[in-house]
Amino acid sequence: MSTESKYLENGGKPKFMPQLLSAIAISFGATVVGGWMSFTSVAIPKMMKVSPNTDNTTGPSEADPIQIDLHTGSWIASLFFIGNIIGCLMGGFLNQKIGPKRVFLFSAPFSALTWVMIALSHHVWVIFVSRIISGIVFGLFQSNGKVYNAEIAHPDFRGSLGTIIGNMFALGSVYTYLTGYLIESWRTIAWLQLIPSCLLGLSVIFIPDSPYWLIERGREEDARRSLVRLRGSNYNINEEFEEIVNKKRIKQQKGKSVIQTLCSRVFIIPFLRIGSLMMITQWAGINVITSYMVNIFMEAGSSVDPALAPILVCTVQQILALCSTGILRVSPRKPLFLFCASAIAISQAGLGTYSYLTQATSSQMSNTTLVQDTHQVQEYGWVPVCCVISVNAFRTIGFMAVIQLLLAESFPTEIRSYASGICGACTAVNMFGATKLYPYFVDGLGFYGTFWMYGCVMCIEVIYAAVSIPENKGQSLVKTEDKMINNSKTITELNEDPEGSKKLLETSS
């Protein structure tokens with residue numbers, strides 16, 4: 001049946017704007033996260049008192065008691081992910097108890113608190129504590145944001161709405177790098193980060209609860225009203241509503257607890273197929289670039305001002321994030337992911353190769369050719385910027401967006417938030433390791449060896465994704481979670497079979 005025919009049967013097209021506004025409200029959390037993750041990139045050089053233009057230490061400042069080196073800075077960057085582990089594990093429980101809307105509403109004040117702590121800190125340990133709290137709140141966002149956006153979205157819009165989180169994350173990064181370039185004080189930058197936290201708290205007040213969560217809580221009439229509010233009063237929600245209710249009834253017949261479901265193949269198979277991708281991704285250096293971008297440009301020998309280059313990178317990322325909404329609307333997800341991951345691998349290897357060649361050139365310089373060779377190297381100083389732009393661009397266009405969509409789509413409703421939290425916690429362990437170990441990788445492998453390693457890891461991910469990623473474009477959440485376990489028949493098809501319910505019950509045994 002064509003899309004237009006389906007819309008005619010349902011009384012018209014579902015409204016897009018209520019779904020878009022709800023997704024944007026929740027995704028202000030991603031703007032806050034973009035600030036948290038990018039802040040270390042602009043703040044660590046300022047705390048180290050390193051001038052991005054001269055690569056020299058300017059000496060301790062009598063006005064500010066916070067003075068650090070890169071290894072202390074790596075703790076500021078990486079402790080965020082220790083808190084993230086805790087928050088991800090808490091997020092599933094809180095989702096089931098109070099729903100994703102209230103998780104975000106109650107988290108907004110705590111996100112603001114973390115910035116106040118940093119802005120007023122006089123000891124490094126206060127910043128450490130703030131970063132752990134930030135990570136906890138990020139974990140709550142991580143295990144609820146993707147789930148909420150997937151659950152409120154009509155199947156025809158889920159791909160587009162799934163990119164909103166990436167758009168808002170890029171916006172938070174641009175905002176942080178821009179303020180970092182224009183403002184010398186990292187404390188003032190922290191104060192300005194209160195704006196996204198306030199926008200999150202205010203906007204979430206007005207969004208509806210997830211209809212899936214309401215049905216899981218037995219509030220079917222509230223779920224119906226929520227669907228009407230999201231789809232529009234002229235759209236016939238009966239088919240979608242009944243599909244969600246019937247899936248819940250089938251699950252109730254199984255009589256499984258959350259723990260039993262988490263130990264069954266309905267969790268294990270999606271975790272191995274999608275959760276593993278998330279963990280491998282962290283060792284490909286994507287988040288390391290975000291956390292250490294200014295330092296990376298300084299190490300790579302970029303001819304562009306290392307404080308200005310991140311603004312250029314994130315501005316391009318923001319523009320492409322807007323384009324990714326339309327791209328995911330029309331493009332199959334699996335080929336898009338494989339193409340973007342391959343491009344990221346090439347870009348990481350390219351950054352390492354540039355660093356290797358410039359270092360080799362510098363080591364071969366004689367006193368008579370020093371000025372001339374230095375000028376020739378600087379002519380290609382735009383290469384590191386292009387490589388990092390490429391990594392962030394392809395990450396935004398279809399890499400992270402596809403992973404986030406698959407994560408939100410692949411698990412059953414009753415464990416979706418728990419599963420998202422577990423995947424997030426496992427990912428956070430790897431994020432902590434990759435971020436904390438970055439200075440040691442650079443010391444041991446060299447800058448170029450570190451990025452060659454990242455490129456190799458991404459090549460491994462391309463191979464793994466080619467055999468593990470399903471194609472769910474245009475299917476309801478009920479159908480996609482079933483498809484993850486049964487490659488042939490969906491829930492609807494099994495229900496039409498007289499033995500369908502029996503087969504479905506045996507699926508998760």
# chains A, B, ... in the order shown; residues from 1 in each chain; ligands from 1
>>> residues_around(residues="region 339-341 of chain A", least_positions_apart="3", cutoff="12 Å", atoms="only C-alpha atoms", output="PyMOL selection string")
chain A and resi 277+280-281+284+286+324+331-336+344-348+390-403+454-466
>>> residues_around(residues="Gly201 (chain A)", least_positions_apart="4", cutoff="7 Å", atoms="only C-alpha atoms", output="ChimeraX atom specification")
/A:105,108,197,205
>>> write_last_selection(atoms="N, CA and C atoms", output="compact mmCIF listing (two decimals), in the first residue's frame")
# COMPACT_ATOMS: atom_id res chain seq x y z
N LEU A 105 12.65 16.89 32.97
CA LEU A 105 12.20 18.05 33.73
C LEU A 105 12.96 18.17 35.06
N ALA A 108 16.94 19.04 34.61
CA ALA A 108 17.38 20.37 34.17
C ALA A 108 18.04 21.19 35.28
N SER A 197 20.49 24.95 29.73
CA SER A 197 19.83 24.24 30.83
C SER A 197 18.47 24.85 31.14
N ILE A 205 8.25 21.30 29.97
CA ILE A 205 6.97 21.43 30.68
C ILE A 205 5.79 21.21 29.75
>>> closest_residue(among="A:Val174, A:Met47, A:Ile152, A:Leu192", to="Arg229 (chain A)", atoms="only C-alpha atoms")
A:Ile152
>>> residues_around(residues="Val147 (chain A)", least_positions_apart="6", cutoff="8 Å", atoms="only C-alpha atoms", output="PyMOL selection string")
chain A and resi 408+416-417+420
>>> residues_around(residues="Arg102 (chain A)", least_positions_apart="2", cutoff="12 Å", atoms="only C-alpha atoms", output="count of residues only")
30
